[in-house]
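Reproduced below: target.csv, with CSV, C-alpha atoms and all ligand atoms.
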```csv
chain,number,residue,atom,x,y,z
A,1,MET,CA,-2.2,24.4,30.7
A,2,ALA,CA,-0.2,24.4,27.5
A,3,ASP,CA,-1.2,27.1,25.1
A,4,ARG,CA,-3.3,26.2,22.1
A,5,ALA,CA,-0.6,27.0,19.5
A,6,ALA,CA,1.8,24.5,21.2
A,7,LEU,CA,-0.8,21.8,21.3
A,8,THR,CA,-1.9,22.1,17.7
A,9,SER,CA,1.4,23.1,16.0
A,10,SER,CA,1.9,21.7,12.5
A,11,PRO,CA,4.9,22.3,10.2
A,12,ILE,CA,2.6,22.9,7.3
A,13,SER,CA,-0.5,24.9,6.7
A,14,PRO,CA,-3.9,23.4,5.9
A,15,ALA,CA,-3.6,24.5,2.3
A,16,GLN,CA,-0.2,22.8,2.0
A,17,ALA,CA,-1.6,19.6,3.7
A,18,ALA,CA,-4.5,19.6,1.2
A,19,GLU,CA,-2.3,20.1,-1.8
A,20,PHE,CA,0.1,17.4,-0.6
A,21,ILE,CA,-2.6,14.8,0.2
A,22,ARG,CA,-4.3,15.5,-3.1
A,23,GLY,CA,-0.9,15.2,-4.9
A,24,ARG,CA,-0.5,11.6,-3.9
A,25,ARG,CA,-2.0,9.6,-6.7
A,26,THR,CA,-1.6,5.8,-7.4
A,27,VAL,CA,1.3,5.4,-9.8
A,28,ASP,CA,1.4,2.4,-12.2
A,29,GLN,CA,4.3,3.3,-14.4
A,30,PHE,CA,7.7,3.7,-13.0
A,31,THR,CA,11.2,4.4,-14.3
A,32,ALA,CA,13.7,1.5,-14.1
A,33,GLU,CA,15.6,3.1,-11.2
A,34,VAL,CA,15.3,1.0,-8.0
A,35,PRO,CA,14.9,3.3,-5.0
A,36,ASP,CA,17.4,3.1,-2.2
A,37,GLU,CA,16.2,0.7,0.5
A,38,ALA,CA,16.8,3.5,3.1
A,39,ILE,CA,13.8,5.3,1.7
A,40,ILE,CA,11.4,2.5,2.1
A,41,ARG,CA,12.8,1.8,5.6
A,42,ASP,CA,12.2,5.4,6.5
A,43,ALA,CA,8.7,5.2,5.0
A,44,ILE,CA,7.9,2.1,7.2
A,45,GLU,CA,9.2,4.0,10.3
A,46,VAL,CA,6.5,6.6,9.5
A,47,ALA,CA,3.9,4.1,8.5
A,48,ARG,CA,3.8,2.6,12.0
A,49,TRP,CA,2.7,5.9,13.5
A,50,ALA,CA,-0.7,5.2,12.1
A,51,PRO,CA,-3.6,5.1,14.5
A,52,ASN,CA,-4.3,1.6,15.8
A,53,HIS,CA,-6.9,0.7,18.4
A,54,HIS,CA,-5.5,-0.7,21.8
A,55,LEU,CA,-2.1,-0.2,20.2
A,56,THR,CA,-2.2,-3.6,18.6
A,57,GLN,CA,0.3,-2.6,16.0
A,58,PRO,CA,-0.9,-5.4,13.8
A,59,TRP,CA,1.2,-4.6,10.7
A,60,ARG,CA,4.3,-6.3,9.4
A,61,PHE,CA,6.4,-5.2,6.5
A,62,TYR,CA,8.5,-7.4,4.3
A,63,LEU,CA,11.1,-6.0,1.9
A,64,ILE,CA,10.9,-8.2,-1.1
A,65,GLY,CA,14.2,-9.3,-2.6
A,66,PRO,CA,14.8,-10.5,-6.1
A,67,GLU,CA,14.1,-14.2,-5.4
A,68,SER,CA,10.8,-13.5,-3.7
A,69,ARG,CA,9.8,-11.0,-6.3
A,70,ALA,CA,10.5,-13.6,-9.1
A,71,ALA,CA,8.4,-16.2,-7.2
A,72,ILE,CA,5.5,-13.7,-6.8
A,73,VAL,CA,5.6,-12.9,-10.5
A,74,ASP,CA,5.6,-16.6,-11.3
A,75,LEU,CA,2.7,-17.3,-8.9
A,76,ASN,CA,0.7,-14.4,-10.4
A,77,THR,CA,1.4,-15.5,-13.9
A,78,ARG,CA,0.1,-19.0,-13.1
A,79,LEU,CA,-3.1,-17.6,-11.5
A,80,VAL,CA,-3.8,-15.2,-14.4
A,81,ALA,CA,-3.1,-18.0,-16.9
A,82,ALA,CA,-5.7,-20.2,-15.2
A,83,ARG,CA,-8.3,-17.5,-15.3
A,84,LYS,CA,-7.6,-15.5,-18.4
A,85,GLY,CA,-5.2,-17.6,-20.6
A,86,ASP,CA,-1.5,-17.6,-21.5
A,87,GLU,CA,-1.5,-14.5,-23.6
A,88,VAL,CA,-2.9,-12.3,-20.8
A,89,ALA,CA,-0.6,-14.0,-18.3
A,90,ALA,CA,2.5,-13.3,-20.4
A,91,ALA,CA,1.5,-9.6,-20.7
A,92,LYS,CA,1.1,-9.5,-16.9
A,93,ARG,CA,4.4,-11.1,-16.3
A,94,GLU,CA,6.1,-8.6,-18.6
A,95,ARG,CA,4.5,-5.7,-16.7
A,96,TRP,CA,5.0,-7.1,-13.2
A,97,GLN,CA,8.7,-7.7,-13.9
A,98,GLN,CA,9.2,-4.0,-14.6
A,99,MET,CA,8.1,-2.9,-11.2
A,100,PRO,CA,11.2,-1.5,-9.4
A,101,GLY,CA,10.3,-1.7,-5.7
A,102,TRP,CA,8.3,-4.3,-3.9
A,103,LEU,CA,6.9,-4.5,-0.4
A,104,ALA,CA,4.5,-6.9,1.2
A,105,VAL,CA,2.3,-5.7,4.1
A,106,THR,CA,0.6,-8.2,6.4
A,107,CYS,CA,-1.7,-8.0,9.3
A,108,GLU,CA,-1.8,-10.3,12.3
A,109,HIS,CA,-4.8,-12.5,12.5
A,110,ASN,CA,-7.1,-12.0,15.4
A,111,ASP,CA,-9.9,-14.3,16.5
A,112,ASP,CA,-12.1,-11.5,17.7
A,113,PRO,CA,-13.9,-10.1,14.6
A,114,VAL,CA,-14.1,-6.6,16.0
A,115,VAL,CA,-10.4,-6.5,16.7
A,116,ALA,CA,-9.7,-8.1,13.3
A,117,ARG,CA,-11.7,-5.4,11.5
A,118,GLU,CA,-10.0,-2.6,13.4
A,119,ASP,CA,-6.6,-4.1,12.8
A,120,TYR,CA,-7.2,-4.2,9.0
A,121,ALA,CA,-8.3,-0.6,9.2
A,122,ALA,CA,-5.1,0.3,11.1
A,123,CYS,CA,-3.0,-1.4,8.4
A,124,ALA,CA,-4.8,0.6,5.7
A,125,CYS,CA,-3.9,3.8,7.7
A,126,ALA,CA,-0.3,2.6,7.8
A,127,LEU,CA,-0.3,2.0,4.1
A,128,GLN,CA,-1.6,5.5,3.5
A,129,ASN,CA,1.1,7.0,5.8
A,130,LEU,CA,3.7,5.0,3.8
A,131,ALA,CA,2.4,6.2,0.5
A,132,LEU,CA,2.3,9.8,1.6
A,133,TYR,CA,5.8,9.6,2.9
A,134,LEU,CA,7.0,8.1,-0.4
A,135,HIS,CA,5.2,10.9,-2.2
A,136,SER,CA,7.1,13.5,-0.1
A,137,ALA,CA,10.3,11.8,-1.2
A,138,GLY,CA,9.3,12.1,-4.9
A,139,LEU,CA,8.3,8.4,-5.2
A,140,GLY,CA,5.0,6.9,-6.3
A,141,SER,CA,3.4,3.7,-5.2
A,142,LYS,CA,0.6,1.3,-6.0
A,143,TRP,CA,-1.3,-0.9,-3.5
A,144,ILE,CA,-2.0,-4.3,-5.1
A,145,SER,CA,-4.7,-6.5,-3.6
A,146,GLY,CA,-5.3,-8.9,-6.5
A,147,GLU,CA,-5.8,-12.7,-6.4
A,148,VAL,CA,-2.1,-13.3,-5.7
A,149,THR,CA,-2.4,-11.6,-2.3
A,150,ARG,CA,-5.1,-14.0,-1.3
A,151,SER,CA,-3.3,-17.1,-2.6
A,152,PRO,CA,-2.6,-19.7,0.1
A,153,ASP,CA,0.8,-20.1,-1.7
A,154,LEU,CA,2.0,-16.5,-1.2
A,155,LEU,CA,3.0,-16.2,2.4
A,156,PRO,CA,4.7,-19.6,2.8
A,157,MET,CA,6.7,-18.8,-0.4
A,158,LEU,CA,7.9,-15.6,1.3
A,159,GLY,CA,8.7,-17.5,4.6
A,160,ILE,CA,5.8,-15.9,6.4
A,161,ASP,CA,3.7,-17.8,8.8
A,162,ALA,CA,0.2,-17.8,7.3
A,163,ALA,CA,-1.3,-19.1,10.6
A,164,ARG,CA,-0.2,-15.8,12.2
A,165,GLU,CA,-0.6,-13.2,9.4
A,166,TYR,CA,-2.5,-12.5,6.2
A,167,CYS,CA,-1.5,-10.3,3.3
A,168,VAL,CA,-3.1,-6.9,3.3
A,169,GLY,CA,-1.4,-6.0,0.0
A,170,LEU,CA,1.7,-5.7,-2.0
A,171,LEU,CA,3.0,-2.3,-2.6
A,172,TRP,CA,5.0,-1.4,-5.8
A,173,TYR,CA,7.0,1.7,-5.4
A,174,GLY,CA,9.5,3.7,-7.5
A,175,TYR,CA,10.0,6.9,-9.4
A,176,PRO,CA,6.9,7.8,-11.4
A,177,ARG,CA,7.2,7.8,-15.2
A,178,ARG,CA,3.9,9.8,-15.6
A,179,ARG,CA,1.7,11.8,-13.3
A,180,PRO,CA,-1.6,9.9,-13.1
A,181,ARG,CA,-5.0,11.5,-12.6
A,182,SER,CA,-7.9,10.4,-10.4
A,183,GLN,CA,-11.3,11.8,-9.8
A,184,ARG,CA,-13.6,12.0,-6.8
A,185,SER,CA,-17.3,12.5,-6.5
A,186,ASP,CA,-18.7,15.9,-5.4
A,187,LEU,CA,-18.5,16.6,-1.7
A,188,ASP,CA,-22.3,17.1,-1.5
A,189,SER,CA,-22.8,13.5,-2.7
A,190,ILE,CA,-20.9,12.1,0.3
A,191,VAL,CA,-21.6,14.6,3.1
A,192,SER,CA,-24.9,14.8,5.0
A,193,ARG,CA,-25.9,16.5,8.2
A,194,CYS,CA,-27.4,14.5,11.1
A,195,PRO,CA,-29.8,16.5,13.3
B,201,LIG,C1,-7.4,-1.6,-0.5
B,201,LIG,C2,-6.9,-1.2,-1.8
B,201,LIG,C3,-6.6,-2.1,-2.8
B,201,LIG,C4,-6.2,-1.8,-4.0
B,201,LIG,N1,-5.8,-2.7,-4.9
B,201,LIG,C5,-5.5,-2.4,-6.2
B,201,LIG,C6,-5.2,-3.4,-7.1
B,201,LIG,O1,-5.2,-4.6,-6.9
B,201,LIG,N2,-4.9,-3.0,-8.4
B,201,LIG,C7,-4.9,-1.7,-8.8
B,201,LIG,O2,-4.7,-1.4,-9.9
B,201,LIG,N3,-5.1,-0.7,-7.9
B,201,LIG,C8,-5.4,-1.0,-6.6
B,201,LIG,N4,-5.6,-0.1,-5.6
B,201,LIG,C9,-5.4,1.3,-6.0
B,201,LIG,C10,-6.7,2.0,-6.5
B,201,LIG,O3,-7.0,1.5,-7.7
B,201,LIG,C11,-6.5,3.5,-6.5
B,201,LIG,O4,-6.4,4.0,-5.2
B,201,LIG,C12,-7.7,4.2,-7.2
B,201,LIG,O5,-7.6,3.9,-8.6
B,201,LIG,C13,-7.7,5.7,-7.0
B,201,LIG,O6,-6.5,6.2,-7.4
B,201,LIG,P1,-5.7,7.2,-6.5
B,201,LIG,O7,-5.1,6.4,-5.4
B,201,LIG,O8,-4.7,7.9,-7.4
B,201,LIG,O9,-6.7,8.2,-6.0
B,201,LIG,C14,-6.1,-0.4,-4.4
B,201,LIG,C15,-6.4,0.6,-3.4
B,201,LIG,C16,-6.8,0.2,-2.1
B,201,LIG,C17,-7.1,1.3,-1.1
```
Rewrite the structure from the file as structure tokens, please.
Ligand SMILES: Cc1cc2nc3c(=O)[nH]c(=O)nc-3n(C[C@H](O)[C@H](O)[C@H](O)COP(=O)(O)O)c2cc1C
Amino acid sequence: MADRAALTSSPISPAQAAEFIRGRRTVDQFTAEVPDEAIIRDAIEVARWAPNHHLTQPWRFYLIGPESRAAIVDLNTRLVAARKGDEVAAAKRERWQQMPGWLAVTCEHNDDPVVAREDYAACACALQNLALYLHSAGLGSKWISGEVTRSPDLLPMLGIDAAREYCVGLLWYGYPRRRPRSQRSDLDSIVSRCP
């Protein structure tokens, strides 16, 4: 039998892992620099090593080019205008146009609700892998799941078959302009012991 050290070897210590995981925070302000596409491709390569039940590998990743990005911003502006008015929509457009890197992540539909639920969970794991990898490369990211991601217009506009996939989220990525903060509740409020 292989020795324990070989089976459990990790390149980083638990303390380093904890610091690294805690260090990833959702970033919502980026510099104008557009990251090299190679970085996001590398991040996707790592993302797909997420756990996924029965190896369904339900995730799909779409690198968003300038035309698609403009179309998403237009669609979002229309949706926000309908709900909150033109002024708020114009401010959103301005903000969204500043986001340097765009990725769409989709999940394959599955008629079995148990598989569908597990596949969504797997995609969420993949997105976390992706965000952590970007963090290791000095980039920040933000998962967007707003109304635009559920719009029936989104996927056809991107050339994606909505009968086969649905959008799990858009991911903005780039070099952080500020280091955001985030809080978590006490461990005692979320951990219980079962007899
Ligand atoms: C499934 C999911 C959807 C999210 N959607 C949005 C979103 O639409 N807009 C947004 O501002 N943040 C969104 N976020 C990011 C959360 O707001 C963020 O994770 C939270 O504020 C905690 O910050 P942290 O990631 O730095 O810990 C989403 C996160 C997850 C996991």
So how far away is atom CA of Ala38 of chain A from atom CA of Ala17 of chain A, in Å? 24.5 Å
Counting all atoms listed in the file, the option among A:Tyr120, A:Tyr175, A:Trp49, A:Phe20 closest to Lys142 of chain A: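 Of all the options, A:Tyr175 lies closest to Lys142 of chain A.
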So, counting only C-alpha atoms, which residue among A:Val114, A:Ala47, A:Val73, A:Ala104 is closest to Ala91 of chain A?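 Of A:Val114, A:Ala47, A:Val73, A:Ala104, the one nearest Ala91 of chain A, counting only C-alpha atoms, is A:Val73.
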Would you mind telling me which residue in A:Ile40, A:Leu139, A:Val191, A:Val148 lies nearest to ligand LIG 201 (chain B) when using all atoms listed in the file?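 Closest residue, counting all atoms listed in the file: A:Val148.
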Which residues of chain A have any atom within 9 Å of an atom in ligand LIG 201 (chain B) when counting all atoms listed in the file, and what is the closest pair of atoms for each, with the distance in Å to one decimal? Order the rows by chain and rising number and write it as CSV.
```
residue,atom,partner,partner_atom,distance
A:Arg22,CA,B:LIG201,O9,8.2
A:Gly23,CA,B:LIG201,O8,8.6
A:Arg24,CA,B:LIG201,O8,6.6
A:Arg25,CA,B:LIG201,O8,3.3
A:Thr26,CA,B:LIG201,O8,3.7
A:Val27,CA,B:LIG201,O8,6.9
A:Asp28,CA,B:LIG201,O2,7.5
A:Ala124,CA,B:LIG201,C1,7.1
A:Leu127,CA,B:LIG201,C17,8.6
A:Gln128,CA,B:LIG201,C17,8.3
A:Ser141,CA,B:LIG201,O7,8.9
A:Lys142,CA,B:LIG201,C9,6.0
A:Trp143,CA,B:LIG201,N4,4.9
A:Ile144,CA,B:LIG201,O1,3.7
A:Ser145,CA,B:LIG201,O1,3.8
A:Gly146,CA,B:LIG201,O1,4.3
A:Glu147,CA,B:LIG201,O1,8.1
A:Thr149,CA,B:LIG201,O1,8.8
A:Val168,CA,B:LIG201,C1,7.8
A:Gly169,CA,B:LIG201,C3,7.1
A:Leu170,CA,B:LIG201,O1,8.5
A:Pro180,CA,B:LIG201,O8,6.8
A:Arg181,CA,B:LIG201,O8,6.3
A:Ser182,CA,B:LIG201,O8,5.0
A:Gln183,CA,B:LIG201,O9,7.0
A:Arg184,CA,B:LIG201,O9,7.9
```
Keeping C-alpha atoms, export the residues of the selection given above as a PDB file, in the frame of the given file.
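Output contents, as saved in part-v6.pdb:
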```
ATOM      1  CA  ARG A  22      -4.300  15.500  -3.100  1.00  0.00           C
ATOM      2  CA  GLY A  23      -0.900  15.200  -4.900  1.00  0.00           C
ATOM      3  CA  ARG A  24      -0.500  11.600  -3.900  1.00  0.00           C
ATOM      4  CA  ARG A  25      -2.000   9.600  -6.700  1.00  0.00           C
ATOM      5  CA  THR A  26      -1.600   5.800  -7.400  1.00  0.00           C
ATOM      6  CA  VAL A  27       1.300   5.400  -9.800  1.00  0.00           C
ATOM      7  CA  ASP A  28       1.400   2.400 -12.200  1.00  0.00           C
ATOM      8  CA  ALA A 124      -4.800   0.600   5.700  1.00  0.00           C
ATOM      9  CA  LEU A 127      -0.300   2.000   4.100  1.00  0.00           C
ATOM     10  CA  GLN A 128      -1.600   5.500   3.500  1.00  0.00           C
ATOM     11  CA  SER A 141       3.400   3.700  -5.200  1.00  0.00           C
ATOM     12  CA  LYS A 142       0.600   1.300  -6.000  1.00  0.00           C
ATOM     13  CA  TRP A 143      -1.300  -0.900  -3.500  1.00  0.00           C
ATOM     14  CA  ILE A 144      -2.000  -4.300  -5.100  1.00  0.00           C
ATOM     15  CA  SER A 145      -4.700  -6.500  -3.600  1.00  0.00           C
ATOM     16  CA  GLY A 146      -5.300  -8.900  -6.500  1.00  0.00           C
ATOM     17  CA  GLU A 147      -5.800 -12.700  -6.400  1.00  0.00           C
ATOM     18  CA  THR A 149      -2.400 -11.600  -2.300  1.00  0.00           C
ATOM     19  CA  VAL A 168      -3.100  -6.900   3.300  1.00  0.00           C
ATOM     20  CA  GLY A 169      -1.400  -6.000   0.000  1.00  0.00           C
ATOM     21  CA  LEU A 170       1.700  -5.700  -2.000  1.00  0.00           C
ATOM     22  CA  PRO A 180      -1.600   9.900 -13.100  1.00  0.00           C
ATOM     23  CA  ARG A 181      -5.000  11.500 -12.600  1.00  0.00           C
ATOM     24  CA  SER A 182      -7.900  10.400 -10.400  1.00  0.00           C
ATOM     25  CA  GLN A 183     -11.300  11.800  -9.800  1.00  0.00           C
ATOM     26  CA  ARG A 184     -13.600  12.000  -6.800  1.00  0.00           C
TER      27      ARG A 184
END
```
Arg164 of chain A proximity check over A:Asp111, A:Glu67, A:Glu118, A:Asp86, using all atoms listed in the file: winner is A:Asp111
List the neighbours of Met157 of chain A out to 10 Å using all atoms listed in the file; skip same-chain residues closer than 3 positions along the sequence, and give me the result as a list in words. Ser68, Ala71, Ile72, Leu75, Pro152, Asp153, Leu154, Ile160 and Asp161 of chain A
Point-to-point distance in Å for atom CA of Arg48 of chain A and atom CA of Ala126 of chain A: 5.9 Å
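Proximity of A:Gln29, A:Gln16, A:Phe61, A:Val34 to Arg179 of chain A, computed with all atoms listed in the file, is greatest for A:Gln29.
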May I ask which of the residues A:Ala131, A:Val80, A:Ala15, A:Cys107 is the closest one to Gly174 of chain A, counting all atoms listed in the file?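 For Gly174 of chain A, the nearest of the candidates is A:Ala131.
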Please measure the separation of atom CA of Val105 of chain A and atom CA of Ala89 of chain A, giving the value in Å to one decimal. 24.1 Å
Set the distance at 10 Å and use all atoms listed in the file: which residues neighbour Gly65 of chain A once local chain neighbours fewer than 2 positions away are removed? I'd like the list as a PyMOL selection string. chain A and resi 62-63+67-70+101-103+158
How about saving the chosen residues, C-alpha atoms kept, as an mmCIF file, keeping the file's coordinate frame?
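In the end it all went to part.cif:
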```cif
data_model
loop_
_atom_site.group_PDB
_atom_site.id
_atom_site.type_symbol
_atom_site.label_atom_id
_atom_site.label_comp_id
_atom_site.auth_asym_id
_atom_site.auth_seq_id
_atom_site.Cartn_x
_atom_site.Cartn_y
_atom_site.Cartn_z
ATOM 1 C CA TYR A 62 8.500 -7.400 4.300
ATOM 2 C CA LEU A 63 11.100 -6.000 1.900
ATOM 3 C CA GLU A 67 14.100 -14.200 -5.400
ATOM 4 C CA SER A 68 10.800 -13.500 -3.700
ATOM 5 C CA ARG A 69 9.800 -11.000 -6.300
ATOM 6 C CA ALA A 70 10.500 -13.600 -9.100
ATOM 7 C CA GLY A 101 10.300 -1.700 -5.700
ATOM 8 C CA TRP A 102 8.300 -4.300 -3.900
ATOM 9 C CA LEU A 103 6.900 -4.500 -0.400
ATOM 10 C CA LEU A 158 7.900 -15.600 1.300
#
```
